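The next block holds one structure in the form of structure tokens; read it before the comments.
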Amino acid sequence: MDRDQAIALLHRLHAAQNAFYGGGDAAALREILTDDIAWHVPGDNAIAGDHHGVEAVLAYFRRRREFAGRSFRMHTRDVLSGDGEWVTAVTDGTALIAGEEHTWSTVGLYRLRDGRIADCRMLPLDQAAFDAIWAHRSPPADAGAVPVSVYRARVRPRHCDAQGVLHAARYYEYFEDAFLGWLDEHVGGYRALRAAGADLVVVASGCEHRRGPRLDDLVSIEVRPTAAGRTSLSMSFVLQADDDALATGHITYVAVSGGTSVPLPAALRAVVRSVPPARRRETP
């Protein structure tokens, strides 16, 4: 890869990261990172570690996004390339963390393969300052640590009863579609959970109705996690039309593999770690 191609690829990477760190989805990043991407961050801090595989790397990106309250931005300064597969970029970073504006600089050593990023090794120019910025601390309360998404749908004729109102049985279909959208936005999609060896099955659900949306209404469903246990995840769903809450649903999922409950996959645990723990059921 020549210098112009390398620079273009790194600009695409940093633009995709900035969009993601600002609250966007991971689609553009998935196009740039190889499935076996490795990302290495040195130091004694909350984001340090070796992250292997695209799901683990995306979970690391989400963790940085939460710590910085979606304020983290990257600014490419210089790019050094040669005839081999490795490219070096000097990048400045800025973020508002714990109410304080921070800046730092890193050298990123990237290995390119087939027009994508296959490896990244981060080298802060001032390791002690970098560790202090990303110190072990809980994300700030206003950092948007509880991941929320909004799903929108049009009420179609096939979804309605004889009165032209959304049929009661259809609410759970809408909730399921909204949950899959939440997984796409925050965890990399349901396929990421399957790749980690787990499925999610429903163990409890309910819905409280105020009034039903009508044929052709555009509805939105706000989705957020409300409790997380070792193997379980509870979600809430607020269905609205014209800013009026029409119904509230709740569903609890359990991660399973081979018919047995298993711990929630790491990528899912990473985005719900600030969610209140699930209450244990008391034994009668």
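Simple scheme: letters A, B, ... for chains in structure tokens order, numbers from 1 for residues in each chain, numbers from 1 for ligands in the order shown.
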task = Compile the contact shell of Phe237 in chain A as a ChimeraX atom specification: residues with an atom at most 7 Å away, counting only C-alpha atoms, same-chain residues fewer than 3 positions apart removed.
result = /A:175,221-224,248-250
message = If we count only C-alpha atoms and set the cut-off at 10 Å, which residues sit around range 186-197 of chain A, ignoring sequence neighbours fewer than 2 positions away in its own chain? Please answer as a PyMOL selection string.
response = chain A and resi 23-27+30+54-56+58-59+62+147-149+179-184+199-200+255-258+262+264-272
Nearby residues (only C-alpha atoms) at most 10 Å from Ala48 in chain A, same-chain spacing under 2 positions excluded, as a PyMOL selection string = chain A and resi 39-46+50-51+60+122+131+134-135
Keeping only all heavy atoms, write those residues as a short mmCIF file (atom, residue, chain, number, x, y, z; two decimals), in the first residue's frame.
data_model
loop_
_atom_site.label_atom_id
_atom_site.label_comp_id
_atom_site.auth_asym_id
_atom_site.auth_seq_id
_atom_site.Cartn_x
_atom_site.Cartn_y
_atom_site.Cartn_z
N TRP A 39 -5.76 -5.02 19.08
CA TRP A 39 -5.57 -3.62 19.49
C TRP A 39 -4.90 -3.61 20.86
O TRP A 39 -5.43 -4.17 21.81
CB TRP A 39 -6.91 -2.90 19.55
CG TRP A 39 -6.85 -1.42 19.33
CD1 TRP A 39 -6.49 -0.47 20.24
CD2 TRP A 39 -7.15 -0.73 18.11
NE1 TRP A 39 -6.56 0.78 19.67
CE2 TRP A 39 -6.97 0.66 18.36
CE3 TRP A 39 -7.58 -1.14 16.85
CZ2 TRP A 39 -7.19 1.62 17.38
CZ3 TRP A 39 -7.79 -0.17 15.88
CH2 TRP A 39 -7.59 1.19 16.14
N HIS A 40 -3.73 -2.99 20.94
CA HIS A 40 -2.92 -3.07 22.15
C HIS A 40 -2.78 -1.67 22.76
O HIS A 40 -2.32 -0.75 22.10
CB HIS A 40 -1.54 -3.63 21.83
CG HIS A 40 -1.57 -4.89 21.02
ND1 HIS A 40 -1.71 -6.14 21.59
CD2 HIS A 40 -1.51 -5.09 19.68
CE1 HIS A 40 -1.73 -7.06 20.64
NE2 HIS A 40 -1.60 -6.46 19.47
N VAL A 41 -3.15 -1.54 24.04
CA VAL A 41 -3.08 -0.26 24.74
C VAL A 41 -2.25 -0.47 26.00
O VAL A 41 -2.64 -1.24 26.88
CB VAL A 41 -4.48 0.26 25.10
CG1 VAL A 41 -4.38 1.63 25.76
CG2 VAL A 41 -5.37 0.33 23.86
N PRO A 42 -1.12 0.22 26.13
CA PRO A 42 -0.24 -0.01 27.29
C PRO A 42 -0.65 0.82 28.49
O PRO A 42 -1.51 1.70 28.41
CB PRO A 42 1.13 0.45 26.76
CG PRO A 42 0.77 1.59 25.83
CD PRO A 42 -0.54 1.17 25.16
N GLY A 43 -0.01 0.55 29.62
CA GLY A 43 -0.17 1.40 30.78
C GLY A 43 -0.99 0.80 31.89
O GLY A 43 -1.51 -0.32 31.81
N ASP A 44 -1.14 1.57 32.95
CA ASP A 44 -1.96 1.22 34.11
C ASP A 44 -3.13 2.19 34.15
O ASP A 44 -3.09 3.22 34.80
CB ASP A 44 -1.12 1.32 35.39
CG ASP A 44 -1.91 0.96 36.64
OD1 ASP A 44 -3.01 0.37 36.48
OD2 ASP A 44 -1.46 1.28 37.75
N ASN A 45 -4.18 1.85 33.42
CA ASN A 45 -5.34 2.72 33.31
C ASN A 45 -6.56 1.89 32.96
O ASN A 45 -6.46 0.67 32.74
CB ASN A 45 -5.09 3.82 32.26
CG ASN A 45 -4.75 3.26 30.91
OD1 ASN A 45 -5.60 2.71 30.21
ND2 ASN A 45 -3.48 3.37 30.51
N ALA A 46 -7.72 2.53 32.91
CA ALA A 46 -8.98 1.81 32.76
C ALA A 46 -9.21 1.25 31.37
O ALA A 46 -10.11 0.42 31.18
CB ALA A 46 -10.14 2.73 33.13
N ASP A 50 -4.89 -5.83 25.96
CA ASP A 50 -4.79 -6.39 24.62
C ASP A 50 -6.17 -6.89 24.21
O ASP A 50 -6.74 -7.76 24.89
CB ASP A 50 -3.79 -7.54 24.59
CG ASP A 50 -2.37 -7.07 24.93
OD1 ASP A 50 -2.00 -5.98 24.46
OD2 ASP A 50 -1.66 -7.80 25.64
N HIS A 51 -6.69 -6.35 23.14
CA HIS A 51 -8.05 -6.65 22.70
C HIS A 51 -7.97 -7.38 21.36
O HIS A 51 -7.44 -6.85 20.38
CB HIS A 51 -8.84 -5.36 22.56
CG HIS A 51 -8.71 -4.45 23.75
ND1 HIS A 51 -9.38 -4.66 24.93
CD2 HIS A 51 -7.93 -3.35 23.95
CE1 HIS A 51 -9.05 -3.72 25.81
NE2 HIS A 51 -8.17 -2.90 25.23
N TYR A 60 -14.01 -2.26 23.45
CA TYR A 60 -13.02 -1.31 23.97
C TYR A 60 -13.35 0.11 23.52
O TYR A 60 -13.28 1.06 24.32
CB TYR A 60 -11.65 -1.73 23.49
CG TYR A 60 -10.64 -0.61 23.40
CD1 TYR A 60 -10.11 -0.02 24.54
CD2 TYR A 60 -10.22 -0.13 22.15
CE1 TYR A 60 -9.19 1.02 24.45
CE2 TYR A 60 -9.32 0.90 22.05
CZ TYR A 60 -8.80 1.47 23.20
OH TYR A 60 -7.90 2.50 23.09
N MET A 122 -0.76 1.09 20.34
CA MET A 122 -0.79 2.48 20.80
C MET A 122 0.42 2.77 21.68
O MET A 122 0.75 1.99 22.57
CB MET A 122 -2.07 2.74 21.59
CG MET A 122 -3.34 2.57 20.78
SD MET A 122 -3.66 4.00 19.76
CE MET A 122 -3.95 5.23 21.02
N ASP A 131 -2.06 7.73 31.55
CA ASP A 131 -2.63 6.91 32.62
C ASP A 131 -3.51 7.76 33.54
O ASP A 131 -4.56 7.31 34.00
CB ASP A 131 -1.53 6.25 33.44
CG ASP A 131 -0.85 5.10 32.70
OD1 ASP A 131 -1.44 4.61 31.71
OD2 ASP A 131 0.26 4.71 33.09
N TRP A 134 -6.90 8.56 31.76
CA TRP A 134 -7.80 7.40 31.68
C TRP A 134 -7.71 6.56 32.94
O TRP A 134 -7.76 5.33 32.88
CB TRP A 134 -7.46 6.57 30.44
CG TRP A 134 -7.63 7.34 29.17
CD1 TRP A 134 -6.67 7.97 28.45
CD2 TRP A 134 -8.86 7.59 28.49
NE1 TRP A 134 -7.22 8.59 27.36
CE2 TRP A 134 -8.56 8.37 27.35
CE3 TRP A 134 -10.20 7.22 28.72
CZ2 TRP A 134 -9.55 8.80 26.46
CZ3 TRP A 134 -11.16 7.64 27.84
CH2 TRP A 134 -10.84 8.42 26.72
N ALA A 135 -7.60 7.22 34.08
CA ALA A 135 -7.43 6.52 35.36
C ALA A 135 -8.62 5.63 35.67
O ALA A 135 -9.72 5.82 35.14
CB ALA A 135 -7.23 7.54 36.48
#
request  = Assign secondary structure with DSSP using the backbone only, and return the residues of range 107-245 of chain A in strand (DSSP E or B) as an MDAnalysis selection string.
outcome  = chainID A and resid 107:113 116:124 149:154 160 165:166 199:209 214 218:228 232:241 244:245
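We find CA of Gly22 in chain A and CA of Gly229 in chain A to be spaced 28.1 Å apart.
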task = Identify all residues of range 199-281 of chain A in alpha helix (DSSP H) (DSSP on the backbone) and supply them as a list of chain:residue names.
result =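 Output for range 199-281 of chain A, alpha helix (DSSP H) only: A:Ala266, A:Ala267, A:Leu268, A:Arg269, A:Ala270, A:Val271.
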task = Could you tell me which of A:Ala153, A:Val146, A:Ala95, A:Ile37 comes closest to Asp216 in chain A if we count only C-alpha atoms?
result =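 Between A:Ala153, A:Val146, A:Ala95, A:Ile37, the residue approaching Asp216 in chain A most closely is A:Ala153.
Note that the spacing between CA of Arg65 in chain A and CA of Phe130 in chain A amounts to 15.8 Å.
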ask   = To one decimal place, how far is CA of Cys207 in chain A from CA of Pro277 in chain A in Å?
value =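 Atom-to-atom, CA of Cys207 in chain A and CA of Pro277 in chain A are spaced 21.8 Å apart.
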request  = For Thr94 in chain A, please output as a PyMOL selection string all residues within 8 Å (counting only C-alpha atoms; exclusion window: fewer than 2 positions along the same chain).
outcome  = chain A and resi 71-74+92+96+101-104
query = Hey, what's within 12 Å of range 159-172 of chain A if we count only C-alpha atoms and toss same-chain stuff fewer than 6 positions away? As number ranges by chain, please?
reply = A: 153, 178-179, 202, 204-219, 221, 236-240, 246-251
Can you tell me which residues surround Phe61 in chain A at a distance of at most 9 Å, considering only C-alpha atoms, apart from same-chain residues fewer than 4 positions away, and format the answer as a PDB file with C-alpha atoms, in the first residue's frame?
ATOM      1  CA  GLN A  17     -13.914   6.336  15.208  1.00  0.00           C
ATOM      2  CA  PHE A  20     -18.686   6.224  16.757  1.00  0.00           C
ATOM      3  CA  TYR A  21     -17.255   8.083  19.760  1.00  0.00           C
ATOM      4  CA  ALA A  56     -13.553  -7.112  21.701  1.00  0.00           C
ATOM      5  CA  VAL A  57     -12.073  -4.076  19.940  1.00  0.00           C
ATOM      6  CA  ARG A  65     -16.851   6.465  24.538  1.00  0.00           C
ATOM      7  CA  GLU A  66     -18.593   6.007  27.889  1.00  0.00           C
TER       8      GLU A  66
END
